[in-house]
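Next comes final-v4.tsv, with TSV, C-alpha atoms.
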chain	number	residue	atom	x	y	z
D	1	GLU	CA	-14.59	-13.65	-0.79
D	2	ALA	CA	-13.24	-10.71	1.23
D	3	GLN	CA	-12.05	-8.06	-1.17
D	4	VAL	CA	-11.70	-4.45	-2.22
D	5	THR	CA	-13.04	-3.72	-5.69
D	6	GLN	CA	-12.38	-0.74	-7.90
D	7	ASN	CA	-13.97	0.36	-11.14
D	8	PRO	CA	-12.98	1.04	-13.78
D	9	ARG	CA	-9.64	-0.80	-13.95
D	10	TYR	CA	-8.47	1.25	-16.91
D	11	LEU	CA	-9.61	4.67	-18.05
D	12	ILE	CA	-8.43	7.07	-20.72
D	13	THR	CA	-10.09	10.47	-20.59
D	14	VAL	CA	-9.60	14.06	-21.66
D	15	THR	CA	-8.68	17.11	-19.65
D	16	GLY	CA	-11.60	18.63	-17.79
D	17	LYS	CA	-14.08	15.78	-18.09
D	18	LYS	CA	-15.33	14.87	-14.63
D	19	LEU	CA	-14.88	11.26	-13.60
D	20	THR	CA	-15.45	9.01	-10.61
D	21	VAL	CA	-13.49	5.94	-9.62
D	22	THR	CA	-15.54	3.70	-7.38
D	23	CYS	CA	-14.21	1.68	-4.48
D	24	SER	CA	-16.11	-0.88	-2.45
D	25	GLN	CA	-15.12	-3.30	0.30
D	26	ASN	CA	-17.12	-6.18	1.76
D	27	MET	CA	-15.19	-6.61	5.00
D	28	ASN	CA	-17.08	-4.07	7.13
D	29	HIS	CA	-13.88	-2.05	7.46
D	30	GLU	CA	-14.05	1.35	9.10
D	31	TYR	CA	-10.90	2.85	7.55
D	32	MET	CA	-10.57	3.48	3.82
D	33	SER	CA	-7.97	5.36	1.86
D	34	TRP	CA	-6.90	6.36	-1.64
D	35	TYR	CA	-3.31	6.30	-2.88
D	36	ARG	CA	-1.67	7.16	-6.15
D	37	GLN	CA	1.47	5.44	-7.42
D	38	ASP	CA	3.90	7.26	-9.67
D	39	PRO	CA	7.33	6.14	-10.91
D	40	GLY	CA	10.08	7.37	-8.63
D	41	LEU	CA	7.61	8.76	-6.11
D	42	GLY	CA	6.14	5.56	-4.73
D	43	LEU	CA	2.65	5.47	-3.25
D	44	ARG	CA	1.23	8.62	-1.73
D	45	GLN	CA	-1.99	9.03	0.18
D	46	ILE	CA	-4.66	11.26	-1.41
D	47	TYR	CA	-7.57	11.09	1.05
D	48	TYR	CA	-8.66	8.87	3.86
D	49	SER	CA	-11.76	8.13	5.85
D	50	MET	CA	-11.88	6.86	9.41
D	51	ASN	CA	-15.59	6.06	9.25
D	52	VAL	CA	-18.85	7.05	7.59
D	53	GLU	CA	-19.05	10.81	7.00
D	54	VAL	CA	-15.49	11.28	8.32
D	55	THR	CA	-12.93	12.13	5.64
D	56	ASP	CA	-9.68	14.06	5.60
D	57	LYS	CA	-6.86	15.06	3.29
D	58	GLY	CA	-3.76	12.97	2.83
D	59	ASP	CA	-0.47	14.14	1.37
D	60	VAL	CA	-1.63	14.96	-2.18
D	61	PRO	CA	-5.34	15.96	-2.09
D	62	GLU	CA	-5.30	18.75	-4.69
D	63	GLY	CA	-7.66	18.08	-7.57
D	64	TYR	CA	-9.53	15.27	-5.85
D	65	LYS	CA	-12.70	14.88	-3.82
D	66	VAL	CA	-14.09	11.96	-1.86
D	67	SER	CA	-17.22	11.05	0.02
D	68	ARG	CA	-18.14	8.34	2.53
D	69	LYS	CA	-21.90	8.06	2.73
D	70	GLU	CA	-21.88	4.31	3.34
D	71	LYS	CA	-19.36	2.20	5.17
D	72	ARG	CA	-18.54	-0.01	2.20
D	73	ASN	CA	-18.07	2.67	-0.49
D	74	PHE	CA	-15.42	5.36	-0.88
D	75	PRO	CA	-15.48	6.92	-4.37
D	76	LEU	CA	-12.71	9.16	-5.68
D	77	ILE	CA	-13.91	12.11	-7.76
D	78	LEU	CA	-11.84	14.12	-10.19
D	79	GLU	CA	-13.92	17.20	-10.96
D	80	SER	CA	-11.63	18.52	-13.71
D	81	PRO	CA	-8.89	16.01	-14.47
D	82	SER	CA	-5.53	17.23	-15.73
D	83	PRO	CA	-2.62	15.34	-17.33
D	84	ASN	CA	-0.64	15.44	-14.06
D	85	GLN	CA	-3.31	13.19	-12.57
D	86	THR	CA	-2.30	10.40	-14.92
D	87	SER	CA	-1.34	7.67	-12.47
D	88	LEU	CA	-2.12	4.28	-10.98
D	89	TYR	CA	-4.72	4.66	-8.24
D	90	PHE	CA	-5.30	2.29	-5.36
D	91	CYS	CA	-8.12	2.13	-2.88
D	92	ALA	CA	-7.32	0.42	0.42
D	93	SER	CA	-9.18	-0.49	3.57
D	94	SER	CA	-8.41	-1.71	7.05
D	95	LEU	CA	-10.47	-2.91	9.96
D	96	ARG	CA	-10.23	0.40	11.76
D	97	THR	CA	-7.83	3.23	12.45
D	98	GLY	CA	-4.67	1.92	14.07
D	99	ILE	CA	-1.86	-0.45	13.29
D	100	TYR	CA	-3.74	-2.85	11.05
D	101	GLU	CA	-2.85	-4.13	7.62
D	102	GLN	CA	-4.45	-2.34	4.72
D	103	TYR	CA	-5.96	-4.41	1.95
D	104	PHE	CA	-5.68	-2.95	-1.51
D	105	GLY	CA	-7.98	-2.98	-4.48
D	106	PRO	CA	-6.67	-4.09	-7.88
D	107	GLY	CA	-5.79	-0.57	-8.99
D	108	THR	CA	-7.14	1.84	-11.61
D	109	ARG	CA	-4.82	2.98	-14.33
D	110	LEU	CA	-5.90	6.47	-15.36
D	111	THR	CA	-4.60	8.39	-18.35
D	112	VAL	CA	-5.63	12.01	-18.85
D	113	THR	CA	-4.82	13.46	-22.28
Q	1	ALA	CA	8.48	12.63	9.85
Q	2	GLN	CA	8.48	8.94	9.14
Q	3	LYS	CA	10.59	7.49	6.36
Q	4	ILE	CA	11.19	4.09	4.81
Q	5	THR	CA	14.41	3.31	2.94
Q	6	GLN	CA	14.93	0.40	0.59
Q	7	THR	CA	18.46	0.54	-0.79
Q	8	GLN	CA	18.24	-2.34	-3.27
Q	9	PRO	CA	16.52	-1.22	-6.49
Q	10	GLY	CA	16.89	-4.70	-7.98
Q	11	MET	CA	17.95	-8.18	-6.95
Q	12	PHE	CA	18.41	-11.55	-8.57
Q	13	VAL	CA	18.08	-14.90	-6.83
Q	14	GLN	CA	18.16	-18.46	-8.06
Q	15	GLU	CA	15.12	-20.64	-7.69
Q	16	LYS	CA	14.98	-22.50	-4.35
Q	17	GLU	CA	17.48	-20.14	-2.75
Q	18	ALA	CA	16.66	-17.76	0.11
Q	19	VAL	CA	16.79	-13.99	-0.40
Q	20	THR	CA	16.76	-11.03	1.96
Q	21	LEU	CA	15.25	-7.70	0.99
Q	22	ASP	CA	16.46	-4.80	3.09
Q	23	CYS	CA	14.32	-2.16	4.75
Q	24	THR	CA	15.21	0.51	7.27
Q	25	TYR	CA	12.81	2.95	8.82
Q	26	ASP	CA	12.86	6.16	10.75
Q	27	THR	CA	10.27	7.34	13.24
Q	28	SER	CA	10.24	8.79	16.71
Q	29	ASP	CA	6.83	7.31	17.45
Q	30	PRO	CA	7.10	4.30	19.80
Q	31	SER	CA	4.02	2.63	18.33
Q	32	TYR	CA	4.14	1.62	14.69
Q	33	GLY	CA	3.57	-1.27	12.34
Q	34	LEU	CA	5.82	-2.49	9.56
Q	35	PHE	CA	4.40	-4.19	6.49
Q	36	TRP	CA	5.64	-5.82	3.34
Q	37	TYR	CA	3.65	-5.83	0.12
Q	38	LYS	CA	4.27	-7.60	-3.17
Q	39	GLN	CA	3.37	-5.97	-6.48
Q	40	PRO	CA	3.55	-8.35	-9.46
Q	41	SER	CA	3.68	-7.03	-13.00
Q	42	SER	CA	-0.12	-7.16	-13.12
Q	43	GLY	CA	-0.12	-4.23	-10.69
Q	44	GLU	CA	-2.08	-5.30	-7.64
Q	45	MET	CA	-0.69	-4.81	-4.12
Q	46	ILE	CA	-0.62	-8.00	-2.09
Q	47	PHE	CA	-0.13	-7.90	1.68
Q	48	LEU	CA	2.56	-10.34	2.80
Q	49	ILE	CA	3.52	-9.87	6.43
Q	50	TYR	CA	3.20	-7.52	9.41
Q	51	GLN	CA	5.38	-6.72	12.44
Q	52	GLY	CA	4.25	-4.54	15.33
Q	53	SER	CA	6.77	-2.38	17.16
Q	54	TYR	CA	5.97	-4.07	20.45
Q	55	ASP	CA	6.05	-7.60	19.12
Q	56	GLN	CA	8.75	-9.63	20.81
Q	57	GLN	CA	9.06	-12.29	18.14
Q	58	ASN	CA	9.78	-11.93	14.46
Q	59	ALA	CA	6.74	-12.40	12.25
Q	60	THR	CA	6.49	-15.40	9.91
Q	61	GLU	CA	3.96	-16.25	7.21
Q	62	GLY	CA	4.73	-19.40	5.29
Q	63	ARG	CA	7.91	-18.78	3.26
Q	64	TYR	CA	8.06	-15.16	4.40
Q	65	SER	CA	9.70	-14.00	7.58
Q	66	LEU	CA	10.51	-10.57	8.85
Q	67	ASN	CA	13.87	-10.00	10.50
Q	68	PHE	CA	12.99	-7.19	12.91
Q	69	GLN	CA	15.91	-5.44	14.61
Q	70	LYS	CA	14.36	-2.59	16.54
Q	71	ALA	CA	17.58	-1.01	17.79
Q	72	ARG	CA	18.89	-0.81	14.23
Q	73	LYS	CA	15.47	0.23	12.89
Q	74	SER	CA	15.50	-2.45	10.27
Q	75	ALA	CA	12.75	-4.79	9.07
Q	76	ASN	CA	14.19	-7.03	6.40
Q	77	LEU	CA	12.03	-9.50	4.49
Q	78	VAL	CA	13.38	-13.00	4.07
Q	79	ILE	CA	11.89	-15.21	1.39
Q	80	SER	CA	12.91	-18.85	1.72
Q	81	ALA	CA	12.95	-21.35	-1.16
Q	82	SER	CA	12.34	-18.74	-3.87
Q	83	GLN	CA	9.93	-19.60	-6.66
Q	84	LEU	CA	9.57	-18.14	-10.14
Q	85	GLY	CA	6.26	-16.64	-9.03
Q	86	ASP	CA	8.08	-14.56	-6.44
Q	87	SER	CA	9.42	-12.31	-9.20
Q	88	ALA	CA	7.81	-8.95	-8.44
Q	89	MET	CA	8.34	-5.54	-6.87
Q	90	TYR	CA	8.43	-5.62	-3.08
Q	91	PHE	CA	7.54	-2.67	-0.91
Q	92	CYS	CA	8.27	-2.09	2.73
Q	93	ALA	CA	5.81	0.23	4.47
Q	94	MET	CA	5.20	1.70	7.90
Q	95	ARG	CA	1.99	2.77	9.55
Q	96	LEU	CA	1.68	5.09	12.52
Q	97	THR	CA	-1.43	5.80	14.54
Q	98	GLY	CA	-1.28	9.51	13.67
Q	99	GLY	CA	-0.65	11.43	10.45
Q	100	GLY	CA	-3.78	10.20	8.73
Q	101	ASN	CA	-2.91	6.66	9.72
Q	102	LYS	CA	-1.49	6.24	6.26
Q	103	LEU	CA	1.04	3.74	5.03
Q	104	THR	CA	4.40	5.31	4.20
Q	105	PHE	CA	6.10	3.28	1.49
Q	106	GLY	CA	9.68	2.76	0.46
Q	107	THR	CA	10.70	2.96	-3.19
Q	108	GLY	CA	10.62	-0.80	-3.61
Q	109	THR	CA	12.96	-3.63	-4.63
Q	110	GLN	CA	12.48	-5.43	-7.93
Q	111	LEU	CA	13.16	-9.14	-7.36
Q	112	LYS	CA	13.85	-11.49	-10.24
Q	113	VAL	CA	13.94	-15.23	-9.58
Q	114	GLU	CA	16.00	-17.20	-12.10
Q	115	LEU	CA	16.15	-20.90	-12.95
Could I get this structure in the form of structure tokens?
Amino acid sequence: EAQVTQNPRYLITVTGKKLTVTCSQNMNHEYMSWYRQDPGLGLRQIYYSMNVEVTDKGDVPEGYKVSRKEKRNFPLILESPSPNQTSLYFCASSLRTGIYEQYFGPGTRLTVT
Amino acid sequence: AQKITQTQPGMFVQEKEAVTLDCTYDTSDPSYGLFWYKQPSSGEMIFLIYQGSYDQQNATEGRYSLNFQKARKSANLVISASQLGDSAMYFCAMRLTGGGNKLTFGTGTQLKVEL
């Protein structure tokens, strides 16, 4: 089944404790992206990757890191999480850069206390 | 900068009726794509339908159709024969080739289907 998977689905952590949210897709997609969803602000792009080893900042990259060592994986790293990073996070992928639909993972609900 | 506007925070519709969810957009780029996503209470984002800026015909996918009026910059979603399972948040989004190729989302419309 073609899908985007994220782990963990739910995470409660404390300020400053490094964490990684994994994202994997099995559709051989070139383009991958991370979004966060916050009430009243909608979904905003954090980072994106147009292909392996090619990543760039989105609209809200502060406090996050990403890497794209393999085509299928695009982990999101929070080196020192803070409470303002409490949010619902989505990984998404599309066939390639361009006007293609993006397929979303199931979401990761993160709470930083 | 691109912008998506959804002016209906919430809507009610009776089961088996049709409903239209409004979406207007703003961009000066001639090449863009318009998308609708459904987000049920469980939280996942489900792709529903896509319309390209150069497409001559309105997109349809099963009970979903997109009423694309380019001159008015609107891309309304029409759901025919509503079902209880259609109750969810619906987002309109736009994607350009530049600007990180990201999806720009509207604020969403909460649809409730009633018996």
Query raised in the report: Restricting the calculation to all atoms listed in the file, which member of D:Asn28, D:Gln85, D:Ser67, D:Ser80 is positioned closest to Tyr47 (chain D)?
Result: D:Ser67
Query - Among the residues D:Glu1, D:Glu79, D:Asp38, D:Glu70, the one that comes closest to chain Q [using all atoms listed in the file] - result: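 Of all the options, D:Asp38 lies closest to chain Q.
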Requested in this report: Please identify every residue of chain Q that has at least one atom no more than 12 Å from any atom of chain D, counting only C-alpha atoms, and report them as a ChimeraX atom specification.
Outcome: /Q:4-6,9,31-54,89-109
Save the residues we just selected, C-alpha atoms, as a compact mmCIF listing (two decimals), in the coordinates of the input?
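Result file follows (again12.txt):
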# COMPACT_ATOMS: atom_id res chain seq x y z
CA ILE Q 4 11.19 4.09 4.81
CA THR Q 5 14.41 3.31 2.94
CA GLN Q 6 14.93 0.40 0.59
CA PRO Q 9 16.52 -1.22 -6.49
CA SER Q 31 4.02 2.63 18.33
CA TYR Q 32 4.14 1.62 14.69
CA GLY Q 33 3.57 -1.27 12.34
CA LEU Q 34 5.82 -2.49 9.56
CA PHE Q 35 4.40 -4.19 6.49
CA TRP Q 36 5.64 -5.82 3.34
CA TYR Q 37 3.65 -5.83 0.12
CA LYS Q 38 4.27 -7.60 -3.17
CA GLN Q 39 3.37 -5.97 -6.48
CA PRO Q 40 3.55 -8.35 -9.46
CA SER Q 41 3.68 -7.03 -13.00
CA SER Q 42 -0.12 -7.16 -13.12
CA GLY Q 43 -0.12 -4.23 -10.69
CA GLU Q 44 -2.08 -5.30 -7.64
CA MET Q 45 -0.69 -4.81 -4.12
CA ILE Q 46 -0.62 -8.00 -2.09
CA PHE Q 47 -0.13 -7.90 1.68
CA LEU Q 48 2.56 -10.34 2.80
CA ILE Q 49 3.52 -9.87 6.43
CA TYR Q 50 3.20 -7.52 9.41
CA GLN Q 51 5.38 -6.72 12.44
CA GLY Q 52 4.25 -4.54 15.33
CA SER Q 53 6.77 -2.38 17.16
CA TYR Q 54 5.97 -4.07 20.45
CA MET Q 89 8.34 -5.54 -6.87
CA TYR Q 90 8.43 -5.62 -3.08
CA PHE Q 91 7.54 -2.67 -0.91
CA CYS Q 92 8.27 -2.09 2.73
CA ALA Q 93 5.81 0.23 4.47
CA MET Q 94 5.20 1.70 7.90
CA ARG Q 95 1.99 2.77 9.55
CA LEU Q 96 1.68 5.09 12.52
CA THR Q 97 -1.43 5.80 14.54
CA GLY Q 98 -1.28 9.51 13.67
CA GLY Q 99 -0.65 11.43 10.45
CA GLY Q 100 -3.78 10.20 8.73
CA ASN Q 101 -2.91 6.66 9.72
CA LYS Q 102 -1.49 6.24 6.26
CA LEU Q 103 1.04 3.74 5.03
CA THR Q 104 4.40 5.31 4.20
CA PHE Q 105 6.10 3.28 1.49
CA GLY Q 106 9.68 2.76 0.46
CA THR Q 107 10.70 2.96 -3.19
CA GLY Q 108 10.62 -0.80 -3.61
CA THR Q 109 12.96 -3.63 -4.63
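Taking CA of Thr113 (chain D) as the reference point, CA of Pro81 (chain D) is found at 9.2 Å.
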Requested in this report: Pull the neighbourhood of (-12.6, -10.0, 0.6) for me: all residues within 7 Å in file coordinates, counting only C-alpha atoms, as a list in words.
Outcome: Glu1, Ala2, Gln3, Val4, Asn26 and Met27 of chain D
Go ahead and save the picked residues with C-alpha atoms, as a PDB file, in the frame of the given file.
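So result_3.pdb came out as:
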ATOM      1  CA  GLU D   1     -14.590 -13.650  -0.790  1.00  0.00           C
ATOM      2  CA  ALA D   2     -13.240 -10.710   1.230  1.00  0.00           C
ATOM      3  CA  GLN D   3     -12.050  -8.060  -1.170  1.00  0.00           C
ATOM      4  CA  VAL D   4     -11.700  -4.450  -2.220  1.00  0.00           C
ATOM      5  CA  ASN D  26     -17.120  -6.180   1.760  1.00  0.00           C
ATOM      6  CA  MET D  27     -15.190  -6.610   5.000  1.00  0.00           C
TER       7      MET D  27
END
**Report entry** Counting all atoms listed in the file, the residue of D:Ser93, D:Thr86, D:Asn73, D:Ser24 that sits nearest Thr5 (chain D)
**Finding:** D:Ser24
Query raised in the report: Leaving out Val52 (chain D) and any residue of its chain fewer than 6 positions from it, which residues lie within 6 Å of it when counting only C-alpha atoms, given as a PyMOL selection string?
Result: chain D and resi 68-71
Query - Spatial neighbours of region 58-66 of chain Q, max dist 6 Å, all atoms listed in the file, sep filter under 3 positions, as a ChimeraX atom specification - result: /Q:51,76-80
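Our summary of the geometry notes that CA of Gln8 (chain Q) is positioned 28.6 Å from CA of Ser94 (chain D).
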Query raised in the report: D:Leu110, D:Gln6, D:Val60, D:Asn51: which is nearest Leu19 (chain D), counting all atoms listed in the file?
Result: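 Distance minimum relative to Leu19 (chain D) lands on D:Leu110.
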Query - Residue nearest Arg72 (chain Q) - candidates Q:Thr27, Q:Gln2, Q:Thr20, Q:Thr7, atoms counted: all atoms listed in the file - result: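 Nearest to Arg72 (chain Q): Q:Thr27.
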Report task. Check the smallest atom-to-atom distance from each of Q:Gln110, Q:Thr24, Q:Ser82, Q:Ser87 to Phe68 (chain Q) using all atoms listed in the file, then report the winner. Result ->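 Once distances to Phe68 (chain Q) are computed over all atoms listed in the file, the minimum belongs to Q:Thr24.
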Report task. Report the distance between CA of Cys23 (chain D) and CA of Asn7 (chain D) in Å, rounded to one decimal place. Result -> 6.8 Å
Residue completion, region 34-51 of chain D, N, CA, C and O atoms, as a PDB file, keeping the file's coordinate frame:
ATOM      1  N   TRP D  34      -7.311   6.345  -0.247  1.00  0.00           N
ATOM      2  CA  TRP D  34      -6.900   6.360  -1.640  1.00  0.00           C
ATOM      3  C   TRP D  34      -5.434   6.741  -1.724  1.00  0.00           C
ATOM      4  O   TRP D  34      -4.972   7.676  -1.039  1.00  0.00           O
ATOM      5  N   TYR D  35      -4.702   6.008  -2.607  1.00  0.00           N
ATOM      6  CA  TYR D  35      -3.310   6.300  -2.880  1.00  0.00           C
ATOM      7  C   TYR D  35      -3.143   6.433  -4.391  1.00  0.00           C
ATOM      8  O   TYR D  35      -3.886   5.860  -5.168  1.00  0.00           O
ATOM      9  N   ARG D  36      -2.115   7.175  -4.775  1.00  0.00           N
ATOM     10  CA  ARG D  36      -1.670   7.160  -6.150  1.00  0.00           C
ATOM     11  C   ARG D  36      -0.220   6.702  -6.202  1.00  0.00           C
ATOM     12  O   ARG D  36       0.563   7.008  -5.294  1.00  0.00           O
ATOM     13  N   GLN D  37       0.108   5.963  -7.265  1.00  0.00           N
ATOM     14  CA  GLN D  37       1.470   5.440  -7.420  1.00  0.00           C
ATOM     15  C   GLN D  37       2.068   6.003  -8.685  1.00  0.00           C
ATOM     16  O   GLN D  37       1.523   5.829  -9.779  1.00  0.00           O
ATOM     17  N   ASP D  38       3.204   6.666  -8.539  1.00  0.00           N
ATOM     18  CA  ASP D  38       3.900   7.260  -9.670  1.00  0.00           C
ATOM     19  C   ASP D  38       5.356   6.825  -9.661  1.00  0.00           C
ATOM     20  O   ASP D  38       5.973   6.716  -8.590  1.00  0.00           O
ATOM     21  N   PRO D  39       5.930   6.594 -10.836  1.00  0.00           N
ATOM     22  CA  PRO D  39       7.330   6.140 -10.910  1.00  0.00           C
ATOM     23  C   PRO D  39       8.265   7.109 -10.190  1.00  0.00           C
ATOM     24  O   PRO D  39       8.194   8.332 -10.376  1.00  0.00           O
ATOM     25  N   GLY D  40       9.115   6.552  -9.361  1.00  0.00           N
ATOM     26  CA  GLY D  40      10.080   7.370  -8.630  1.00  0.00           C
ATOM     27  C   GLY D  40       9.535   8.062  -7.400  1.00  0.00           C
ATOM     28  O   GLY D  40      10.306   8.562  -6.569  1.00  0.00           O
ATOM     29  N   LEU D  41       8.221   8.094  -7.263  1.00  0.00           N
ATOM     30  CA  LEU D  41       7.610   8.760  -6.110  1.00  0.00           C
ATOM     31  C   LEU D  41       6.929   7.783  -5.162  1.00  0.00           C
ATOM     32  O   LEU D  41       6.518   8.153  -4.065  1.00  0.00           O
ATOM     33  N   GLY D  42       6.771   6.564  -5.581  1.00  0.00           N
ATOM     34  CA  GLY D  42       6.140   5.560  -4.730  1.00  0.00           C
ATOM     35  C   GLY D  42       4.647   5.804  -4.598  1.00  0.00           C
ATOM     36  O   GLY D  42       4.014   6.439  -5.446  1.00  0.00           O
ATOM     37  N   LEU D  43       4.072   5.304  -3.516  1.00  0.00           N
ATOM     38  CA  LEU D  43       2.650   5.470  -3.250  1.00  0.00           C
ATOM     39  C   LEU D  43       2.441   6.611  -2.273  1.00  0.00           C
ATOM     40  O   LEU D  43       3.111   6.660  -1.229  1.00  0.00           O
ATOM     41  N   ARG D  44       1.518   7.477  -2.595  1.00  0.00           N
ATOM     42  CA  ARG D  44       1.230   8.620  -1.730  1.00  0.00           C
ATOM     43  C   ARG D  44      -0.263   8.658  -1.447  1.00  0.00           C
ATOM     44  O   ARG D  44      -1.078   8.433  -2.339  1.00  0.00           O
ATOM     45  N   GLN D  45      -0.591   9.024  -0.226  1.00  0.00           N
ATOM     46  CA  GLN D  45      -1.990   9.030   0.180  1.00  0.00           C
ATOM     47  C   GLN D  45      -2.690  10.297  -0.314  1.00  0.00           C
ATOM     48  O   GLN D  45      -2.185  11.411  -0.146  1.00  0.00           O
ATOM     49  N   ILE D  46      -3.894  10.130  -0.885  1.00  0.00           N
ATOM     50  CA  ILE D  46      -4.660  11.260  -1.410  1.00  0.00           C
ATOM     51  C   ILE D  46      -5.674  11.735  -0.364  1.00  0.00           C
ATOM     52  O   ILE D  46      -5.686  12.899   0.037  1.00  0.00           O
ATOM     53  N   TYR D  47      -6.550  10.838   0.049  1.00  0.00           N
ATOM     54  CA  TYR D  47      -7.570  11.090   1.050  1.00  0.00           C
ATOM     55  C   TYR D  47      -7.762   9.829   1.869  1.00  0.00           C
ATOM     56  O   TYR D  47      -7.445   8.738   1.412  1.00  0.00           O
ATOM     57  N   TYR D  48      -8.318  10.020   3.048  1.00  0.00           N
ATOM     58  CA  TYR D  48      -8.660   8.870   3.860  1.00  0.00           C
ATOM     59  C   TYR D  48      -9.957   9.125   4.605  1.00  0.00           C
ATOM     60  O   TYR D  48     -10.408  10.272   4.706  1.00  0.00           O
ATOM     61  N   SER D  49     -10.514   8.031   5.105  1.00  0.00           N
ATOM     62  CA  SER D  49     -11.760   8.130   5.850  1.00  0.00           C
ATOM     63  C   SER D  49     -11.701   7.172   7.028  1.00  0.00           C
ATOM     64  O   SER D  49     -11.452   5.981   6.849  1.00  0.00           O
ATOM     65  N   MET D  50     -11.944   7.701   8.217  1.00  0.00           N
ATOM     66  CA  MET D  50     -11.880   6.860   9.410  1.00  0.00           C
ATOM     67  C   MET D  50     -13.217   6.188   9.701  1.00  0.00           C
ATOM     68  O   MET D  50     -13.284   5.245  10.484  1.00  0.00           O
ATOM     69  N   ASN D  51     -14.282   6.693   9.096  1.00  0.00           N
ATOM     70  CA  ASN D  51     -15.590   6.060   9.250  1.00  0.00           C
ATOM     71  C   ASN D  51     -16.577   6.818   8.366  1.00  0.00           C
ATOM     72  O   ASN D  51     -16.215   7.794   7.696  1.00  0.00           O
TER      73      ASN D  51
END
